[in-house]
>>> print(open('query.cif').read())   # mmCIF, C-alpha atoms; chains and numbers go by the auth columns
data_model
loop_
_atom_site.group_PDB
_atom_site.id
_atom_site.type_symbol
_atom_site.label_atom_id
_atom_site.label_comp_id
_atom_site.label_asym_id
_atom_site.label_seq_id
_atom_site.Cartn_x
_atom_site.Cartn_y
_atom_site.Cartn_z
_atom_site.B_iso_or_equiv
_atom_site.auth_seq_id
_atom_site.auth_asym_id
ATOM 1 C CA MET A 1 7.484 4.047 18.896 0.00 1 Y
ATOM 2 C CA ALA A 2 8.469 2.387 15.631 0.00 2 Y
ATOM 3 C CA CYS A 3 5.213 0.895 14.383 0.00 3 Y
ATOM 4 C CA PHE A 4 5.473 3.024 11.220 0.00 4 Y
ATOM 5 C CA THR A 5 8.480 0.996 10.081 0.00 5 Y
ATOM 6 C CA VAL A 6 6.365 -2.087 9.313 0.00 6 Y
ATOM 7 C CA PRO A 7 4.073 -0.395 6.742 0.00 7 Y
ATOM 8 C CA ALA A 8 7.147 1.453 5.423 0.00 8 Y
ATOM 9 C CA ALA A 9 8.947 -1.858 4.894 0.00 9 Y
ATOM 10 C CA GLU A 10 5.893 -3.226 3.070 0.00 10 Y
ATOM 11 C CA ALA A 11 5.809 -0.039 0.972 0.00 11 Y
ATOM 12 C CA ILE A 12 9.450 -0.561 -0.040 0.00 12 Y
ATOM 13 C CA ILE A 13 8.704 -4.135 -1.118 0.00 13 Y
ATOM 14 C CA THR A 14 5.542 -3.214 -3.042 0.00 14 Y
ATOM 15 C CA THR A 15 7.298 -0.281 -4.725 0.00 15 Y
ATOM 16 C CA ILE A 16 9.969 -2.608 -6.066 0.00 16 Y
ATOM 17 C CA ALA A 17 7.350 -5.199 -7.063 0.00 17 Y
ATOM 18 C CA GLY A 18 5.286 -2.494 -8.780 0.00 18 Y
ATOM 19 C CA LYS A 19 8.252 -1.413 -10.902 0.00 19 Y
ATOM 20 C CA ILE A 20 8.961 -5.014 -11.913 0.00 20 Y
ATOM 21 C CA ILE A 21 5.288 -5.616 -12.758 0.00 21 Y
ATOM 22 C CA LYS A 22 5.058 -2.379 -14.756 0.00 22 Y
ATOM 23 C CA ASN A 23 8.108 -3.345 -16.836 0.00 23 Y
ATOM 24 C CA LYS A 24 6.578 -6.767 -17.497 0.00 24 Y
ATOM 25 C CA GLU A 25 3.224 -5.223 -18.492 0.00 25 Y
ATOM 26 C CA ILE A 26 4.970 -2.931 -20.961 0.00 26 Y
ATOM 27 C CA LYS A 27 6.773 -5.916 -22.527 0.00 27 Y
ATOM 28 C CA ASP A 28 3.592 -8.045 -22.694 0.00 28 Y
ATOM 29 C CA GLY A 29 1.614 -5.376 -24.499 0.00 29 Y
ATOM 30 C CA GLU A 30 -1.760 -6.621 -23.238 0.00 30 Y
ATOM 31 C CA HIS A 31 -3.489 -4.117 -20.996 0.00 31 Y
ATOM 32 C CA PRO A 32 -6.659 -4.621 -19.019 0.00 32 Y
ATOM 33 C CA LYS A 33 -8.752 -1.563 -18.161 0.00 33 Y
ATOM 34 C CA VAL A 34 -6.756 -0.794 -15.013 0.00 34 Y
ATOM 35 C CA LEU A 35 -3.211 -2.122 -15.033 0.00 35 Y
ATOM 36 C CA PHE A 36 -2.151 -4.167 -12.027 0.00 36 Y
ATOM 37 C CA SER A 37 0.874 -1.891 -11.649 0.00 37 Y
ATOM 38 C CA THR A 38 -1.589 0.980 -11.186 0.00 38 Y
ATOM 39 C CA LYS A 39 -3.408 -1.016 -8.525 0.00 39 Y
ATOM 40 C CA ILE A 40 -0.090 -1.717 -6.761 0.00 40 Y
ATOM 41 C CA GLY A 41 0.510 2.035 -6.973 0.00 41 Y
ATOM 42 C CA TRP A 42 -2.673 2.580 -4.954 0.00 42 Y
ATOM 43 C CA LEU A 43 -1.296 0.314 -2.230 0.00 43 Y
ATOM 44 C CA ASN A 44 2.053 2.115 -2.324 0.00 44 Y
ATOM 45 C CA LYS A 45 0.409 5.500 -1.886 0.00 45 Y
ATOM 46 C CA MET A 46 -1.681 4.245 1.021 0.00 46 Y
ATOM 47 C CA LEU A 47 1.333 2.654 2.737 0.00 47 Y
ATOM 48 C CA TRP A 48 3.764 5.532 2.124 0.00 48 Y
ATOM 49 C CA GLY A 49 1.172 8.119 3.184 0.00 49 Y
ATOM 50 C CA GLY A 50 0.262 6.249 6.356 0.00 50 Y
ATOM 51 C CA SER A 51 3.903 5.626 7.220 0.00 51 Y
ATOM 52 C CA ALA A 52 4.794 9.284 6.710 0.00 52 Y
ATOM 53 C CA LEU A 53 1.891 10.412 8.873 0.00 53 Y
ATOM 54 C CA LEU A 54 2.826 7.951 11.623 0.00 54 Y
ATOM 55 C CA ALA A 55 6.496 8.926 11.440 0.00 55 Y
ATOM 56 C CA PHE A 56 5.532 12.601 11.778 0.00 56 Y
ATOM 57 C CA GLU A 57 3.361 11.747 14.783 0.00 57 Y
ATOM 58 C CA HIS A 58 6.250 9.895 16.419 0.00 58 Y
ATOM 59 C CA VAL A 59 8.630 12.802 15.743 0.00 59 Y
ATOM 60 C CA TRP A 60 6.032 15.189 17.165 0.00 60 Y
ATOM 61 C CA HIS A 61 5.877 13.195 20.392 0.00 61 Y
ATOM 62 C CA GLY A 62 9.668 12.922 20.659 0.00 62 Y
ATOM 63 C CA GLU A 63 9.843 9.176 20.055 0.00 63 Y
ATOM 64 C CA VAL A 64 11.962 9.625 16.921 0.00 64 Y
ATOM 65 C CA VAL A 65 14.943 11.972 17.075 0.00 65 Y
ATOM 66 C CA PRO A 66 17.346 13.246 14.370 0.00 66 Y
ATOM 67 C CA PHE A 67 20.420 11.633 15.926 0.00 67 Y
ATOM 68 C CA PHE A 68 21.603 8.050 16.424 0.00 68 Y
ATOM 69 C CA PRO A 69 19.971 5.701 17.434 0.00 69 Y
ATOM 70 C CA PHE A 70 16.968 7.724 16.108 0.00 70 Y
ATOM 71 C CA LEU A 71 14.451 5.867 18.264 0.00 71 Y
ATOM 72 C CA THR A 72 14.273 6.945 21.898 0.00 72 Y
ATOM 73 C CA ALA A 73 13.058 3.489 22.886 0.00 73 Y
ATOM 74 C CA VAL A 74 16.417 2.017 21.882 0.00 74 Y
ATOM 75 C CA GLU A 75 18.248 4.774 23.736 0.00 75 Y
ATOM 76 C CA ASN A 76 16.168 4.263 26.905 0.00 76 Y
ATOM 77 C CA GLY A 77 16.470 0.478 26.933 0.00 77 Y
ATOM 78 C CA GLU A 78 12.868 -0.129 25.870 0.00 78 Y
ATOM 79 C CA ALA A 79 13.771 -2.095 22.749 0.00 79 Y
ATOM 80 C CA ALA A 80 11.657 -5.106 23.739 0.00 80 Y
ATOM 81 C CA GLU A 81 8.597 -2.888 24.155 0.00 81 Y
ATOM 82 C CA MET A 82 9.338 -1.260 20.782 0.00 82 Y
ATOM 83 C CA LEU A 83 9.614 -4.624 19.040 0.00 83 Y
ATOM 84 C CA HIS A 84 6.342 -5.718 20.641 0.00 84 Y
ATOM 85 C CA GLU A 85 4.630 -2.574 19.342 0.00 85 Y
ATOM 86 C CA MET A 86 6.039 -3.183 15.873 0.00 86 Y
ATOM 87 C CA ALA A 87 4.824 -6.801 15.962 0.00 87 Y
ATOM 88 C CA THR A 88 1.326 -5.893 17.131 0.00 88 Y
ATOM 89 C CA ALA A 89 0.380 -2.372 16.059 0.00 89 Y
ATOM 90 C CA GLY A 90 2.678 -2.142 13.033 0.00 90 Y
ATOM 91 C CA VAL A 91 1.690 -5.486 11.560 0.00 91 Y
ATOM 92 C CA SER A 92 -1.996 -4.817 12.284 0.00 92 Y
ATOM 93 C CA MET A 93 -1.846 -1.470 10.477 0.00 93 Y
ATOM 94 C CA ALA A 94 -0.042 -2.958 7.490 0.00 94 Y
ATOM 95 C CA LEU A 95 -2.564 -5.807 7.268 0.00 95 Y
ATOM 96 C CA LEU A 96 -5.515 -3.429 7.551 0.00 96 Y
ATOM 97 C CA VAL A 97 -4.201 -1.162 4.792 0.00 97 Y
ATOM 98 C CA THR A 98 -3.523 -4.193 2.587 0.00 98 Y
ATOM 99 C CA ALA A 99 -7.034 -5.571 3.267 0.00 99 Y
ATOM 100 C CA VAL A 100 -8.635 -2.241 2.342 0.00 100 Y
ATOM 101 C CA TRP A 101 -6.543 -2.189 -0.832 0.00 101 Y
ATOM 102 C CA GLY A 102 -7.664 -5.768 -1.588 0.00 102 Y
ATOM 103 C CA ILE A 103 -11.295 -4.675 -1.285 0.00 103 Y
ATOM 104 C CA MET A 104 -10.583 -1.741 -3.617 0.00 104 Y
ATOM 105 C CA VAL A 105 -9.031 -4.075 -6.183 0.00 105 Y
ATOM 106 C CA GLY A 106 -11.961 -6.493 -5.849 0.00 106 Y
ATOM 107 C CA VAL A 107 -14.518 -3.728 -6.409 0.00 107 Y
ATOM 108 C CA THR A 108 -12.542 -2.442 -9.387 0.00 108 Y
ATOM 109 C CA THR A 109 -12.442 -5.927 -10.890 0.00 109 Y
ATOM 110 C CA LEU A 110 -16.214 -6.310 -10.472 0.00 110 Y
ATOM 111 C CA ILE A 111 -16.821 -2.945 -12.132 0.00 111 Y
ATOM 112 C CA GLU A 112 -14.520 -3.900 -14.997 0.00 112 Y
ATOM 113 C CA LYS A 113 -16.344 -7.223 -15.489 0.00 113 Y
ATOM 114 C CA ARG A 114 -19.727 -5.492 -15.512 0.00 114 Y
ATOM 115 C CA GLY A 115 -18.385 -2.976 -18.010 0.00 115 Y
ATOM 116 C CA ASP A 116 -17.244 -5.794 -20.300 0.00 116 Y
ATOM 117 C CA LYS A 117 -20.702 -7.394 -20.282 0.00 117 Y
ATOM 118 C CA LYS A 118 -22.789 -4.260 -20.901 0.00 118 Y
ATOM 119 C CA PRO A 119 -21.373 -3.286 -24.324 0.00 119 Y
ATOM 120 C CA ASP A 120 -21.988 -6.815 -25.643 0.00 120 Y
ATOM 121 C CA ALA A 121 -25.641 -6.698 -24.525 0.00 121 Y
ATOM 122 C CA ALA A 122 -26.025 -3.197 -25.965 0.00 122 Y
ATOM 123 C CA ASN A 123 -24.540 -4.333 -29.296 0.00 123 Y
ATOM 124 C CA ALA A 124 -26.885 -7.330 -29.402 0.00 124 Y
ATOM 125 C CA VAL A 125 -29.914 -5.106 -28.833 0.00 125 Y
ATOM 126 C CA ALA A 126 -28.699 -2.505 -31.307 0.00 126 Y
ATOM 127 C CA GLY A 127 -27.925 -5.221 -33.858 0.00 127 Y
ATOM 128 C CA GLY A 128 -31.412 -6.684 -33.505 0.00 128 Y
ATOM 129 C CA LEU A 129 -33.032 -3.301 -34.043 0.00 129 Y
ATOM 130 C CA ALA A 130 -31.038 -2.452 -37.169 0.00 130 Y
#
>>> encode(input="query.cif", output="structure tokens")
Amino acid sequence: MACFTVPAAEAIITTIAGKIIKNKEIKDGEHPKVLFSTKIGWLNKMLWGGSALLAFEHVWHGEVVPFFPFLTAVENGEAAEMLHEMATAGVSMALLVTAVWGIMVGVTTLIEKRGDKKPDAANAVAGGLA
């Protein structure tokens, strides 16, 4: 019914946070291989894309309408059921997307750390051969 609003709300918050972080990164001048604002951008794209797809699905099934109150559950007196769905399905989806993003960031960090170590070892070997 309205489960897409939870990931959408998280997307709004992370979009604002991403803009603040990007401005701070520009001021700091130090840039790791992949900026954290870029990583937040990945989360934003996942959340906005999932929310848009879910919203379309709810429109398709007639649960969201283009007139007030927009959600048929509110119009039909099923607000408690809608809030329960938001609290269970919506929060679960938002947490799952955020967990997948966290794994992506963790893998990226590991790859970056390995990349930092390899050039030093290659330089040591090349320096010893010269």
>>> residues_around(input="query.cif", residues="range 16-29 of chain Y", least_positions_apart="3", cutoff="10 Å", atoms="all atoms listed in the file", output="PyMOL selection string")
chain Y and resi 11-13+32+35-41+43-44
>>> atom_distance(input="query.cif", atom1="CA of His84 in chain Y", atom2="CA of Thr5 in chain Y")
12.7 Å
>>> atom_distance(input="query.cif", atom1="CA of Met82 in chain Y", atom2="CA of Cys3 in chain Y")
7.9 Å
>>> residues_around(input="query.cif", residues="range 91-108 of chain Y", least_positions_apart="6", cutoff="9 Å", atoms="all atoms listed in the file", output="PyMOL selection string")
chain Y and resi 3-4+6-8+10+34+39-40+42-43+46-47+50+85
>>> write_last_selection(input="query.cif", atoms="C-alpha atoms", output="PDB file, in the frame of the given file")
ATOM      1  CA  CYS Y   3       5.213   0.895  14.383  1.00  0.00           C
ATOM      2  CA  PHE Y   4       5.473   3.024  11.220  1.00  0.00           C
ATOM      3  CA  VAL Y   6       6.365  -2.087   9.313  1.00  0.00           C
ATOM      4  CA  PRO Y   7       4.073  -0.395   6.742  1.00  0.00           C
ATOM      5  CA  ALA Y   8       7.147   1.453   5.423  1.00  0.00           C
ATOM      6  CA  GLU Y  10       5.893  -3.226   3.070  1.00  0.00           C
ATOM      7  CA  VAL Y  34      -6.756  -0.794 -15.013  1.00  0.00           C
ATOM      8  CA  LYS Y  39      -3.408  -1.016  -8.525  1.00  0.00           C
ATOM      9  CA  ILE Y  40      -0.090  -1.717  -6.761  1.00  0.00           C
ATOM     10  CA  TRP Y  42      -2.673   2.580  -4.954  1.00  0.00           C
ATOM     11  CA  LEU Y  43      -1.296   0.314  -2.230  1.00  0.00           C
ATOM     12  CA  MET Y  46      -1.681   4.245   1.021  1.00  0.00           C
ATOM     13  CA  LEU Y  47       1.333   2.654   2.737  1.00  0.00           C
ATOM     14  CA  GLY Y  50       0.262   6.249   6.356  1.00  0.00           C
ATOM     15  CA  GLU Y  85       4.630  -2.574  19.342  1.00  0.00           C
TER      16      GLU Y  85
END
>>> atom_distance(input="query.cif", atom1="CA of Ala87 in chain Y", atom2="CA of Glu63 in chain Y")
17.2 Å
>>> axis_aligned_box(input="query.cif", around="range 24-43 of chain Y", padding_each_side="3 Å", output="AutoDock Vina command-line options")
--center_x -1.0 --center_y -2.7 --center_z -13.4 --size_x 21.5 --size_y 16.6 --size_z 28.3
>>> closest_residue(input="query.cif", among="Y:Glu75, Y:Phe68, Y:Ser51, Y:His58", to="Met1 in chain Y", atoms="all atoms listed in the file")
Y:His58
